[in-house]
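J.: To be precise about what I am sending: the file is called target20.pdb and holds PDB, C-alpha atoms.
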ATOM      1  CA  MET A  83       7.403  43.060 -20.027
ATOM      2  CA  ARG A  84       4.591  44.690 -22.020
ATOM      3  CA  LEU A  85       1.127  43.965 -20.640
ATOM      4  CA  LEU A  86      -1.404  42.481 -23.056
ATOM      5  CA  ASN A  87      -4.987  42.693 -21.822
ATOM      6  CA  HIS A  88      -6.116  40.303 -24.524
ATOM      7  CA  LEU A  89      -5.225  36.754 -25.424
ATOM      8  CA  PRO A  90      -3.577  35.687 -28.672
ATOM      9  CA  ASP A  91      -6.269  34.298 -30.962
ATOM     10  CA  THR A  92      -5.253  30.648 -30.629
ATOM     11  CA  LEU A  93      -5.243  30.853 -26.811
ATOM     12  CA  ASP A  94      -8.552  32.706 -26.775
ATOM     13  CA  ALA A  95     -10.228  30.005 -28.842
ATOM     14  CA  TRP A  96      -8.689  27.244 -26.714
ATOM     15  CA  ALA A  97      -9.845  28.847 -23.461
ATOM     16  CA  ARG A  98     -13.398  29.416 -24.707
ATOM     17  CA  ARG A  99     -13.676  25.773 -25.743
ATOM     18  CA  ALA A 100     -12.616  24.750 -22.238
ATOM     19  CA  VAL A 101     -14.591  27.129 -19.995
ATOM     20  CA  GLY A 102     -17.104  28.906 -22.186
ATOM     21  CA  ALA A 103     -17.673  32.630 -22.405
ATOM     22  CA  PHE A 104     -15.565  35.245 -20.648
ATOM     23  CA  ASP A 105     -15.541  38.947 -21.286
ATOM     24  CA  THR A 106     -12.596  40.367 -19.326
ATOM     25  CA  VAL A 107      -8.928  39.525 -19.821
ATOM     26  CA  ARG A 108      -6.272  41.005 -17.554
ATOM     27  CA  ASP A 109      -2.554  40.439 -17.913
ATOM     28  CA  VAL A 110      -1.239  39.667 -14.415
ATOM     29  CA  SER A 111       2.260  38.554 -15.424
ATOM     30  CA  ALA A 112       5.148  39.328 -13.094
ATOM     31  CA  PRO A 113       7.193  42.319 -14.315
ATOM     32  CA  THR A 114      10.483  40.396 -14.170
ATOM     33  CA  PRO A 115      11.978  39.769 -17.643
ATOM     34  CA  GLY A 116      11.627  36.154 -18.701
ATOM     35  CA  SER A 117       8.735  35.414 -16.345
ATOM     36  CA  SER A 118       5.820  33.232 -17.358
ATOM     37  CA  ARG A 119       2.915  34.986 -19.061
ATOM     38  CA  VAL A 120      -0.231  34.901 -16.926
ATOM     39  CA  TRP A 121      -3.737  36.167 -17.673
ATOM     40  CA  GLU A 122      -6.839  36.335 -15.493
ATOM     41  CA  LEU A 123     -10.137  35.653 -17.270
ATOM     42  CA  THR A 124     -13.487  36.732 -15.829
ATOM     43  CA  ARG A 125     -16.887  35.446 -16.905
ATOM     44  CA  PRO A 126     -19.804  37.815 -17.500
ATOM     45  CA  ASP A 127     -21.134  37.074 -13.996
ATOM     46  CA  ARG A 128     -18.044  38.959 -12.672
ATOM     47  CA  THR A 129     -17.457  36.327  -9.990
ATOM     48  CA  THR A 130     -16.071  33.306 -11.879
ATOM     49  CA  ARG A 131     -12.399  33.667 -12.753
ATOM     50  CA  PHE A 132      -9.768  31.520 -14.402
ATOM     51  CA  ILE A 133      -6.030  31.732 -14.929
ATOM     52  CA  ILE A 134      -4.081  30.988 -18.105
ATOM     53  CA  LYS A 135      -0.362  30.511 -17.613
ATOM     54  CA  ILE A 136       2.187  30.100 -20.384
ATOM     55  CA  ALA A 137       5.256  28.299 -19.079
ATOM     56  CA  ARG A 138       8.698  29.746 -19.758
ATOM     57  CA  ASP A 139       9.972  26.551 -21.344
ATOM     58  CA  PRO A 140       8.945  22.913 -21.902
ATOM     59  CA  ALA A 141      10.725  21.689 -18.753
ATOM     60  CA  ARG A 142       8.721  24.030 -16.522
ATOM     61  CA  TYR A 143       5.528  23.129 -18.359
ATOM     62  CA  ARG A 144       6.141  19.429 -17.725
ATOM     63  CA  ALA A 145       7.006  20.053 -14.066
ATOM     64  CA  GLU A 146       3.886  22.085 -13.437
ATOM     65  CA  THR A 147       1.482  19.773 -15.244
ATOM     66  CA  PHE A 148       2.930  16.803 -13.320
ATOM     67  CA  ALA A 149       2.455  18.682 -10.058
ATOM     68  CA  TYR A 150      -1.161  19.544 -10.830
ATOM     69  CA  ARG A 151      -1.972  16.000 -11.888
ATOM     70  CA  GLN A 152      -0.080  14.024  -9.252
ATOM     71  CA  ALA A 153       0.340  16.173  -6.139
ATOM     72  CA  VAL A 154      -2.280  18.924  -6.046
ATOM     73  CA  PRO A 155      -5.202  16.428  -5.777
ATOM     74  CA  ALA A 156      -3.786  15.412  -2.372
ATOM     75  CA  VAL A 157      -3.986  18.999  -1.098
ATOM     76  CA  PRO A 158      -7.232  19.946   0.698
ATOM     77  CA  SER A 159      -9.835  21.728  -1.421
ATOM     78  CA  GLY A 160      -8.926  25.355  -1.960
ATOM     79  CA  GLY A 161      -5.286  24.791  -0.995
ATOM     80  CA  ALA A 162      -4.075  25.118  -4.592
ATOM     81  CA  PRO A 163      -5.544  25.947  -7.997
ATOM     82  CA  LEU A 164      -7.076  23.110 -10.017
ATOM     83  CA  LEU A 165      -5.905  22.236 -13.504
ATOM     84  CA  LEU A 166      -8.817  22.459 -15.940
ATOM     85  CA  ASP A 167      -6.916  21.892 -19.163
ATOM     86  CA  CYS A 168      -3.435  22.092 -20.607
ATOM     87  CA  GLY A 169      -2.021  22.505 -24.082
ATOM     88  CA  ALA A 170       1.512  21.347 -24.793
ATOM     89  CA  GLU A 171       1.553  23.121 -28.143
ATOM     90  CA  HIS A 172       1.215  26.470 -26.335
ATOM     91  CA  LEU A 173       2.920  25.405 -23.069
ATOM     92  CA  ALA A 174      -0.369  26.600 -21.585
ATOM     93  CA  LEU A 175      -2.186  25.695 -18.378
ATOM     94  CA  LEU A 176      -5.788  26.672 -17.674
ATOM     95  CA  LEU A 177      -6.405  26.894 -13.926
ATOM     96  CA  THR A 178      -9.054  27.885 -11.445
ATOM     97  CA  ALA A 179      -8.404  31.266  -9.836
ATOM     98  CA  LEU A 180      -8.072  31.444  -6.067
ATOM     99  CA  PRO A 181      -9.467  34.132  -3.770
ATOM    100  CA  GLY A 182      -7.132  36.422  -1.871
ATOM    101  CA  ARG A 183      -3.736  37.958  -2.496
ATOM    102  CA  PRO A 184      -0.127  36.814  -2.133
ATOM    103  CA  LEU A 185       1.036  37.076   1.462
ATOM    104  CA  ARG A 186       3.932  39.318   0.461
ATOM    105  CA  GLU A 187       1.400  42.008  -0.510
ATOM    106  CA  LEU A 188      -0.439  41.927   2.822
ATOM    107  CA  ARG A 189       0.152  43.384   6.260
ATOM    108  CA  LEU A 190      -1.666  41.067   8.614
ATOM    109  CA  PRO A 191      -2.180  41.201  12.370
ATOM    110  CA  THR A 192       0.359  39.020  14.164
ATOM    111  CA  VAL A 193      -2.054  36.242  15.096
ATOM    112  CA  GLU A 194      -3.502  36.060  11.587
ATOM    113  CA  GLU A 195      -0.039  36.002   9.995
ATOM    114  CA  ARG A 196       1.006  33.095  12.200
ATOM    115  CA  GLU A 197      -2.146  31.230  11.221
ATOM    116  CA  ALA A 198      -1.320  31.797   7.551
ATOM    117  CA  TYR A 199       2.099  30.233   8.066
ATOM    118  CA  ARG A 200       0.654  27.351  10.084
ATOM    119  CA  GLN A 201      -1.774  26.529   7.289
ATOM    120  CA  ALA A 202       1.004  26.925   4.719
ATOM    121  CA  GLY A 203       3.096  24.327   6.527
ATOM    122  CA  ALA A 204       0.188  21.907   6.741
ATOM    123  CA  LEU A 205      -0.533  22.250   3.026
ATOM    124  CA  LEU A 206       3.108  21.785   2.120
ATOM    125  CA  ALA A 207       3.304  18.608   4.196
ATOM    126  CA  ARG A 208       0.452  17.143   2.145
ATOM    127  CA  PHE A 209       2.113  18.229  -1.090
ATOM    128  CA  HIS A 210       5.463  16.728  -0.068
ATOM    129  CA  THR A 211       4.011  13.245   0.367
ATOM    130  CA  ALA A 212       1.556  13.294  -2.542
ATOM    131  CA  ALA A 213       3.745  11.625  -5.175
ATOM    132  CA  GLU A 214       6.038   8.616  -4.923
ATOM    133  CA  PRO A 215       9.428   8.912  -6.626
ATOM    134  CA  THR A 216      10.457   6.299  -9.157
ATOM    135  CA  PRO A 217      14.077   5.098  -9.138
ATOM    136  CA  ALA A 218      14.766   7.513 -11.981
ATOM    137  CA  ARG A 219      13.339  10.428 -10.005
ATOM    138  CA  ARG A 220      15.439   9.473  -6.990
ATOM    139  CA  ALA A 221      18.498   9.476  -9.211
ATOM    140  CA  GLU A 222      17.611  12.956 -10.498
ATOM    141  CA  ALA A 223      17.350  14.245  -6.930
ATOM    142  CA  ARG A 224      20.739  12.725  -6.135
ATOM    143  CA  ASP A 225      22.261  14.214  -9.297
ATOM    144  CA  GLU A 226      20.990  17.654  -8.278
ATOM    145  CA  LEU A 227      22.943  17.445  -5.012
ATOM    146  CA  ASP A 228      25.994  15.967  -6.728
ATOM    147  CA  GLY A 229      26.025  18.788  -9.263
ATOM    148  CA  ALA A 230      25.723  21.573  -6.681
ATOM    149  CA  PRO A 231      29.481  22.398  -6.486
ATOM    150  CA  HIS A 232      29.670  22.777 -10.263
ATOM    151  CA  ARG A 233      26.627  25.078 -10.311
ATOM    152  CA  LEU A 234      28.153  27.106  -7.500
ATOM    153  CA  GLU A 235      31.388  27.683  -9.444
ATOM    154  CA  ARG A 236      29.451  28.820 -12.491
ATOM    155  CA  HIS A 237      27.440  31.274 -10.410
ATOM    156  CA  LEU A 238      30.504  32.539  -8.540
ATOM    157  CA  HIS A 239      32.189  33.273 -11.850
ATOM    158  CA  MET A 240      29.186  35.317 -12.948
ATOM    159  CA  CYS A 241      29.029  37.173  -9.607
ATOM    160  CA  GLY A 242      32.495  38.691 -10.047
ATOM    161  CA  ASP A 243      33.524  41.015  -7.261
ATOM    162  CA  ARG A 244      30.093  40.980  -5.611
ATOM    163  CA  VAL A 245      31.407  38.059  -3.532
ATOM    164  CA  THR A 246      34.621  38.399  -1.505
ATOM    165  CA  ALA A 247      37.385  35.821  -1.231
ATOM    166  CA  ARG A 248      36.318  35.010   2.341
ATOM    167  CA  GLU A 249      32.721  34.506   1.256
ATOM    168  CA  ARG A 250      33.798  32.305  -1.649
ATOM    169  CA  ALA A 251      35.755  30.055   0.689
ATOM    170  CA  LEU A 252      32.797  29.765   3.044
ATOM    171  CA  VAL A 253      30.194  28.866   0.419
ATOM    172  CA  ARG A 254      32.545  26.454  -1.338
ATOM    173  CA  GLY A 255      33.061  24.613   1.917
ATOM    174  CA  LEU A 256      29.337  24.397   2.596
ATOM    175  CA  VAL A 257      28.233  23.405  -0.894
ATOM    176  CA  ALA A 258      31.020  20.814  -1.129
ATOM    177  CA  ASP A 259      29.203  18.936   1.651
ATOM    178  CA  LEU A 260      26.019  18.430  -0.357
ATOM    179  CA  PRO A 261      27.161  15.436  -2.456
ATOM    180  CA  HIS A 262      28.337  13.677   0.714
ATOM    181  CA  ILE A 263      25.657  14.658   3.182
ATOM    182  CA  GLY A 264      23.813  11.923   5.049
ATOM    183  CA  PRO A 265      20.370  10.596   4.104
ATOM    184  CA  LEU A 266      17.784  13.339   3.758
ATOM    185  CA  PRO A 267      13.998  12.865   3.667
ATOM    186  CA  LEU A 268      12.983  13.018   0.014
ATOM    187  CA  ALA A 269       9.784  14.802  -0.998
ATOM    188  CA  PHE A 270       7.929  16.145  -3.978
ATOM    189  CA  VAL A 271       8.872  19.763  -3.336
ATOM    190  CA  HIS A 272       7.132  22.931  -4.471
ATOM    191  CA  GLY A 273      10.502  24.411  -5.411
ATOM    192  CA  ASP A 274       9.768  28.090  -4.736
ATOM    193  CA  VAL A 275       8.223  28.330  -1.284
ATOM    194  CA  GLN A 276       8.122  32.024  -0.400
ATOM    195  CA  PRO A 277       5.451  34.601   0.535
ATOM    196  CA  GLY A 278       4.887  35.626  -3.093
ATOM    197  CA  ASN A 279       3.522  32.160  -3.852
ATOM    198  CA  LEU A 280       1.361  31.854  -0.739
ATOM    199  CA  MET A 281      -2.184  33.143  -1.157
ATOM    200  CA  TRP A 282      -4.243  34.317   1.829
ATOM    201  CA  SER A 283      -7.935  35.028   1.533
ATOM    202  CA  ALA A 284     -10.229  37.312   3.500
ATOM    203  CA  ALA A 285     -11.921  34.154   4.776
ATOM    204  CA  GLY A 286      -8.664  33.102   6.414
ATOM    205  CA  ASN A 287      -7.562  30.340   4.049
ATOM    206  CA  ALA A 288      -4.060  29.717   2.698
ATOM    207  CA  ALA A 289      -3.171  28.249  -0.685
ATOM    208  CA  TRP A 290       0.002  27.613  -2.666
ATOM    209  CA  ILE A 291       0.416  28.645  -6.305
ATOM    210  CA  ASP A 292       3.135  28.416  -8.982
ATOM    211  CA  PHE A 293       4.452  24.862  -9.262
ATOM    212  CA  GLU A 294       6.812  25.299 -12.203
ATOM    213  CA  ARG A 295       9.851  24.318 -10.103
ATOM    214  CA  ALA A 296       8.183  21.284  -8.505
ATOM    215  CA  ARG A 297      10.334  18.142  -8.474
ATOM    216  CA  PHE A 298      11.645  15.396  -6.224
ATOM    217  CA  ALA A 299      14.320  16.768  -3.895
ATOM    218  CA  PRO A 300      15.192  16.782  -0.187
ATOM    219  CA  ALA A 301      12.186  18.133   1.717
ATOM    220  CA  VAL A 302      14.376  20.776   3.369
ATOM    221  CA  GLN A 303      14.896  22.374  -0.058
ATOM    222  CA  ASP A 304      11.489  24.001   0.384
ATOM    223  CA  PHE A 305      12.601  25.713   3.608
ATOM    224  CA  VAL A 306      15.530  27.614   2.086
ATOM    225  CA  ARG A 307      13.751  30.777   0.937
ATOM    226  CA  LEU A 308      11.663  30.942   4.084
ATOM    227  CA  ALA A 309      14.781  30.680   6.237
ATOM    228  CA  ALA A 310      16.455  33.333   4.081
ATOM    229  CA  GLY A 311      13.405  35.595   4.259
ATOM    230  CA  PRO A 312      10.529  35.778   6.748
ATOM    231  CA  TRP A 313      11.999  33.335   9.268
ATOM    232  CA  ALA A 314      15.215  35.343   9.634
ATOM    233  CA  ASP A 315      13.727  37.911  12.011
ATOM    234  CA  ARG A 316      10.459  36.180  12.890
ATOM    235  CA  PRO A 317      11.098  32.903  14.738
ATOM    236  CA  ALA A 318       7.409  32.771  15.621
ATOM    237  CA  LEU A 319       6.583  32.387  11.917
ATOM    238  CA  ARG A 320       9.071  29.526  11.655
ATOM    239  CA  ALA A 321       7.504  27.861  14.676
ATOM    240  CA  ALA A 322       3.991  28.275  13.254
ATOM    241  CA  PHE A 323       4.978  26.893   9.869
ATOM    242  CA  LEU A 324       6.740  23.854  11.332
ATOM    243  CA  ALA A 325       3.830  23.219  13.690
ATOM    244  CA  GLY A 326       1.584  22.997  10.641
ATOM    245  CA  TYR A 327       4.149  20.942   8.747
ATOM    246  CA  GLY A 328       4.162  18.427  11.573
ATOM    247  CA  ARG A 329       7.858  18.032  12.292
ATOM    248  CA  ARG A 330      11.072  19.991  12.726
ATOM    249  CA  PRO A 331      14.154  19.410  10.544
ATOM    250  CA  GLY A 332      16.679  17.003  12.061
ATOM    251  CA  PRO A 333      20.401  17.775  12.525
ATOM    252  CA  THR A 334      21.399  16.559   9.052
ATOM    253  CA  GLU A 335      18.587  18.561   7.464
ATOM    254  CA  ARG A 336      19.602  21.683   9.373
ATOM    255  CA  HIS A 337      23.139  21.365   8.021
ATOM    256  CA  ALA A 338      21.754  20.747   4.530
ATOM    257  CA  LEU A 339      19.627  23.869   4.925
ATOM    258  CA  ARG A 340      22.745  25.999   5.508
ATOM    259  CA  CYS A 341      24.473  24.402   2.525
ATOM    260  CA  LEU A 342      21.479  24.938   0.254
ATOM    261  CA  ALA A 343      21.100  28.502   1.543
ATOM    262  CA  ALA A 344      24.715  29.206   0.539
ATOM    263  CA  LEU A 345      23.971  27.941  -2.970
ATOM    264  CA  ASP A 346      20.761  29.995  -3.121
ATOM    265  CA  ALA A 347      22.550  33.139  -1.900
ATOM    266  CA  ILE A 348      25.140  32.997  -4.674
ATOM    267  CA  GLY A 349      22.464  32.190  -7.225
ATOM    268  CA  SER A 350      20.517  35.243  -6.053
ATOM    269  CA  LEU A 351      23.587  37.487  -6.238
ATOM    270  CA  MET A 352      24.141  36.254  -9.782
ATOM    271  CA  TRP A 353      20.534  36.381 -11.011
ATOM    272  CA  GLY A 354      19.265  39.513  -9.256
ATOM    273  CA  PRO A 355      21.662  42.052 -10.807
ATOM    274  CA  GLN A 356      21.339  40.406 -14.224
ATOM    275  CA  HIS A 357      17.571  40.943 -14.192
ATOM    276  CA  GLY A 358      17.406  44.176 -12.237
ATOM    277  CA  ASP A 359      15.662  42.454  -9.328
ATOM    278  CA  ASP A 360      16.786  44.334  -6.237
ATOM    279  CA  GLU A 361      14.707  42.168  -3.908
ATOM    280  CA  VAL A 362      16.397  38.939  -4.996
ATOM    281  CA  THR A 363      19.812  40.609  -4.835
ATOM    282  CA  ALA A 364      19.134  41.865  -1.315
ATOM    283  CA  ARG A 365      17.964  38.417  -0.206
ATOM    284  CA  GLY A 366      21.181  36.855  -1.482
ATOM    285  CA  ARG A 367      23.372  39.470   0.194
ATOM    286  CA  ARG A 368      21.535  39.182   3.493
ATOM    287  CA  THR A 369      21.748  35.394   3.509
ATOM    288  CA  LEU A 370      25.447  35.474   2.709
ATOM    289  CA  ASP A 371      26.085  37.997   5.483
ATOM    290  CA  ARG A 372      24.212  35.814   7.962
ATOM    291  CA  LEU A 373      26.184  32.746   6.911
ATOM    292  CA  VAL A 374      29.477  34.619   7.371
ATOM    293  CA  GLU A 375      28.402  35.792  10.827
ATOM    294  CA  GLY A 376      27.207  32.320  11.814
ATOM    295  CA  GLU A 377      23.659  33.573  12.324
ATOM    296  CA  PHE A 378      21.887  31.424   9.740
ATOM    297  CA  ALA A 379      19.868  28.664  11.383
TER     298      ALA A 379
END
Could the structure of this file be written out as structure tokens, please?
T.:
Amino acid sequence: MRLLNHLPDTLDAWARRAVGAFDTVRDVSAPTPGSSRVWELTRPDRTTRFIIKIARDPARYRAETFAYRQAVPAVPSGGAPLLLDCGAEHLALLLTALPGRPLRELRLPTVEEREAYRQAGALLARFHTAAEPTPARRAEARDELDGAPHRLERHLHMCGDRVTARERALVRGLVADLPHIGPLPLAFVHGDVQPGNLMWSAAGNAAWIDFERARFAPAVQDFVRLAAGPWADRPALRAAFLAGYGRRPGPTERHALRCLAALDAIGSLMWGPQHGDDEVTARGRRTLDRLVEGEFA
């Protein structure tokens, strides 16, 4: 993705009407092909910053604007960006900028890292209960689980020989359980809970960003990428996060977590090589290996 340290004219005019003068524009988009376009704007005082994000498609724009309007206000101040304005014609969101850096970019002392995860869990708990699902939204969440086996087959086909026959049998068995699994606590989930979307400031405050995958789904959906990543070798981080969250997943949720992790692993092994993302590919392979060995919990 080519960096553009200036805004297109229509966006520039829109942003200036909303927040006034700014004199520095920095493209901070992720390098992954197809990612959202993101710019950081800085006012002449050099301390006030804003973020403009252009959603990848209308569905993600609608999801993120809903999240900022309905769920983010329930999060404690500083725990997420604030929506200042949005423009459907550009799929654009104008947000406050948060202090700090994504946790994935930091190497924190052990105690401080645990505190970051504790705060992250507490913030997510507030987010999960911030919006009440309508009957239609409940049906969408149910349809997502019901459609999981079909999505798995599509992804397995695209994975080719990256997934063995034994692995295919395992993930098919797990994902087949999702349409029939017992009642799961429903929540308004973030949809991409992982260290790249968790900000940590020098003042010791956590915040979540990037709500383009937010939707109503089983609450445990938001634990999948943590369980596949930092929790795998760091049970203390899992304990800290769940202490902040306020409860531990029950037996049905723990089984659902394994099933959802199987789906995520195959999706990662399909998407990562397609987009040259070695990190996503490695996460999918590691999760699948852990599932085969019975080590995923």
J.: Please report, as a tab-separated table, each residue of region 170-276 of chain A lying at most 8 Å from region 284-308 of chain A, together with the nearest pair of atoms and the separation in Å rounded to one decimal; use only C-alpha atoms, and order rows by chain and ascending residue number.
T.:
residue	atom	partner	partner_atom	distance
A:Leu180	CA	A:Ala289	CA	7.9
A:Pro181	CA	A:Ala284	CA	8.0
A:Gly182	CA	A:Ala284	CA	6.3
A:Glu194	CA	A:Gly286	CA	7.9
A:Ala198	CA	A:Ala288	CA	5.9
A:Gln201	CA	A:Ala288	CA	6.0
A:Ala202	CA	A:Ala288	CA	6.1
A:Leu205	CA	A:Ala289	CA	7.5
A:His210	CA	A:Ala301	CA	7.1
A:Pro215	CA	A:Phe298	CA	6.9
A:Arg219	CA	A:Phe298	CA	6.5
A:Arg220	CA	A:Phe298	CA	7.1
A:Glu222	CA	A:Phe298	CA	7.7
A:Ala223	CA	A:Ala299	CA	5.0
A:Arg224	CA	A:Ala299	CA	7.9
A:Leu266	CA	A:Pro300	CA	5.8
A:Pro267	CA	A:Pro300	CA	5.6
A:Leu268	CA	A:Pro300	CA	4.4
A:Ala269	CA	A:Ala301	CA	4.9
A:Phe270	CA	A:Phe298	CA	4.4
A:Val271	CA	A:Ala296	CA	5.4
A:His272	CA	A:Ala296	CA	4.5
A:Gly273	CA	A:Arg295	CA	4.7
A:Asp274	CA	A:Arg295	CA	6.6
A:Val275	CA	A:Asp304	CA	5.7
A:Gln276	CA	A:Leu308	CA	5.8
J.: Counting all atoms listed in the file, which of A:Ala170, A:Ala179, A:Leu93, A:Gly242 gets nearest to Thr124 (chain A)?
T.: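 When distances to Thr124 (chain A) are compared using all atoms listed in the file, the smallest one comes from A:Ala179.
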J.: Figure out the distance between CA of Pro331 (chain A) and CA of Arg372 (chain A), please, to one decimal in Å.
T.: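 According to the coordinates, CA of Arg372 (chain A) and CA of Pro331 (chain A) are separated by 19.4 Å.
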J.: For a quick check of understanding, using only C-alpha atoms, which of A:Ala309, A:Cys341, A:Thr106, A:Ala247 has the smallest distance to Leu234 (chain A)?
T.: A:Cys341
J.: Mind telling me what the PyMOL selection byres ((chain A and resi 172) around 12) catches here, as a ChimeraX atom specification?
T.: /A:90-94,96-97,119,134-140,143,167-171,173-176
J.: Can I get the selected residues back with C-alpha atoms, as a compact mmCIF listing (two decimals), in the frame of the given file?
T.:
# COMPACT_ATOMS: atom_id res chain seq x y z
CA PRO A 90 -3.58 35.69 -28.67
CA ASP A 91 -6.27 34.30 -30.96
CA THR A 92 -5.25 30.65 -30.63
CA LEU A 93 -5.24 30.85 -26.81
CA ASP A 94 -8.55 32.71 -26.78
CA TRP A 96 -8.69 27.24 -26.71
CA ALA A 97 -9.85 28.85 -23.46
CA ARG A 119 2.92 34.99 -19.06
CA ILE A 134 -4.08 30.99 -18.10
CA LYS A 135 -0.36 30.51 -17.61
CA ILE A 136 2.19 30.10 -20.38
CA ALA A 137 5.26 28.30 -19.08
CA ARG A 138 8.70 29.75 -19.76
CA ASP A 139 9.97 26.55 -21.34
CA PRO A 140 8.94 22.91 -21.90
CA TYR A 143 5.53 23.13 -18.36
CA ASP A 167 -6.92 21.89 -19.16
CA CYS A 168 -3.44 22.09 -20.61
CA GLY A 169 -2.02 22.50 -24.08
CA ALA A 170 1.51 21.35 -24.79
CA GLU A 171 1.55 23.12 -28.14
CA LEU A 173 2.92 25.40 -23.07
CA ALA A 174 -0.37 26.60 -21.58
CA LEU A 175 -2.19 25.70 -18.38
CA LEU A 176 -5.79 26.67 -17.67
J.: Go through A:Ala347, A:Pro277, A:Glu195, A:Ala322 and flag the residue nearest Arg250 (chain A), using all atoms listed in the file for the distances.
T.: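 Of A:Ala347, A:Pro277, A:Glu195, A:Ala322, the one nearest Arg250 (chain A), counting all atoms listed in the file, is A:Ala347.
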J.: Restricting the calculation to only C-alpha atoms: of A:Arg142, A:Arg125, A:Pro113, A:Val101, which residue gets closest to Gly358 (chain A)?
T.: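 When distances to Gly358 (chain A) are compared using only C-alpha atoms, the smallest one comes from A:Pro113.
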J.: Just say which residues the PyMOL selection byres ((chain A and resi 152) around 10) picks in this file, as a list in words.
T.: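 So the PyMOL selection byres ((chain A and resi 152) around 10), applied here, picks out Glu146, Thr147, Phe148, Ala149, Tyr150, Arg151, Ala153, Val154, Pro155, Ala156, Phe209, Ala212, Ala213, Glu214 and Phe270 of chain A.
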J.: For this structure, which residues satisfy the selection - the PyMOL selection byres ((chain A and resi 108-110) around 9) - when it is evaluated on the file as given? I want them as a PyMOL selection string.
T.: chain A and resi 85-89+106-107+111-113+119-124
J.: Would you save the residues of that selection, restricted to C-alpha atoms, as a PDB file, in the coordinates of the input?
T.:
ATOM      1  CA  LEU A  85       1.127  43.965 -20.640  1.00  0.00           C
ATOM      2  CA  LEU A  86      -1.404  42.481 -23.056  1.00  0.00           C
ATOM      3  CA  ASN A  87      -4.987  42.693 -21.822  1.00  0.00           C
ATOM      4  CA  HIS A  88      -6.116  40.303 -24.524  1.00  0.00           C
ATOM      5  CA  LEU A  89      -5.225  36.754 -25.424  1.00  0.00           C
ATOM      6  CA  THR A 106     -12.596  40.367 -19.326  1.00  0.00           C
ATOM      7  CA  VAL A 107      -8.928  39.525 -19.821  1.00  0.00           C
ATOM      8  CA  SER A 111       2.260  38.554 -15.424  1.00  0.00           C
ATOM      9  CA  ALA A 112       5.148  39.328 -13.094  1.00  0.00           C
ATOM     10  CA  PRO A 113       7.193  42.319 -14.315  1.00  0.00           C
ATOM     11  CA  ARG A 119       2.915  34.986 -19.061  1.00  0.00           C
ATOM     12  CA  VAL A 120      -0.231  34.901 -16.926  1.00  0.00           C
ATOM     13  CA  TRP A 121      -3.737  36.167 -17.673  1.00  0.00           C
ATOM     14  CA  GLU A 122      -6.839  36.335 -15.493  1.00  0.00           C
ATOM     15  CA  LEU A 123     -10.137  35.653 -17.270  1.00  0.00           C
ATOM     16  CA  THR A 124     -13.487  36.732 -15.829  1.00  0.00           C
TER      17      THR A 124
END
J.: Could you jot down the CA of Asn279 (chain A) to CA of Gly203 (chain A) separation for me, Å, one decimal place?
T.: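 Between these atoms lies a distance of 13.0 Å.
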J.: What's the 7 Å shell around region 364-371 of chain A, counting all atoms listed in the file, without same-chain residues fewer than 5 positions away, as a PyMOL selection string?
T.: chain A and resi 310-311+344+347-348+350-351
J.: Put those residues in a file: C-alpha atoms, as a compact mmCIF listing (two decimals), in the coordinates of the input.
T.:
# COMPACT_ATOMS: atom_id res chain seq x y z
CA ALA A 310 16.45 33.33 4.08
CA GLY A 311 13.40 35.60 4.26
CA ALA A 344 24.72 29.21 0.54
CA ALA A 347 22.55 33.14 -1.90
CA ILE A 348 25.14 33.00 -4.67
CA SER A 350 20.52 35.24 -6.05
CA LEU A 351 23.59 37.49 -6.24
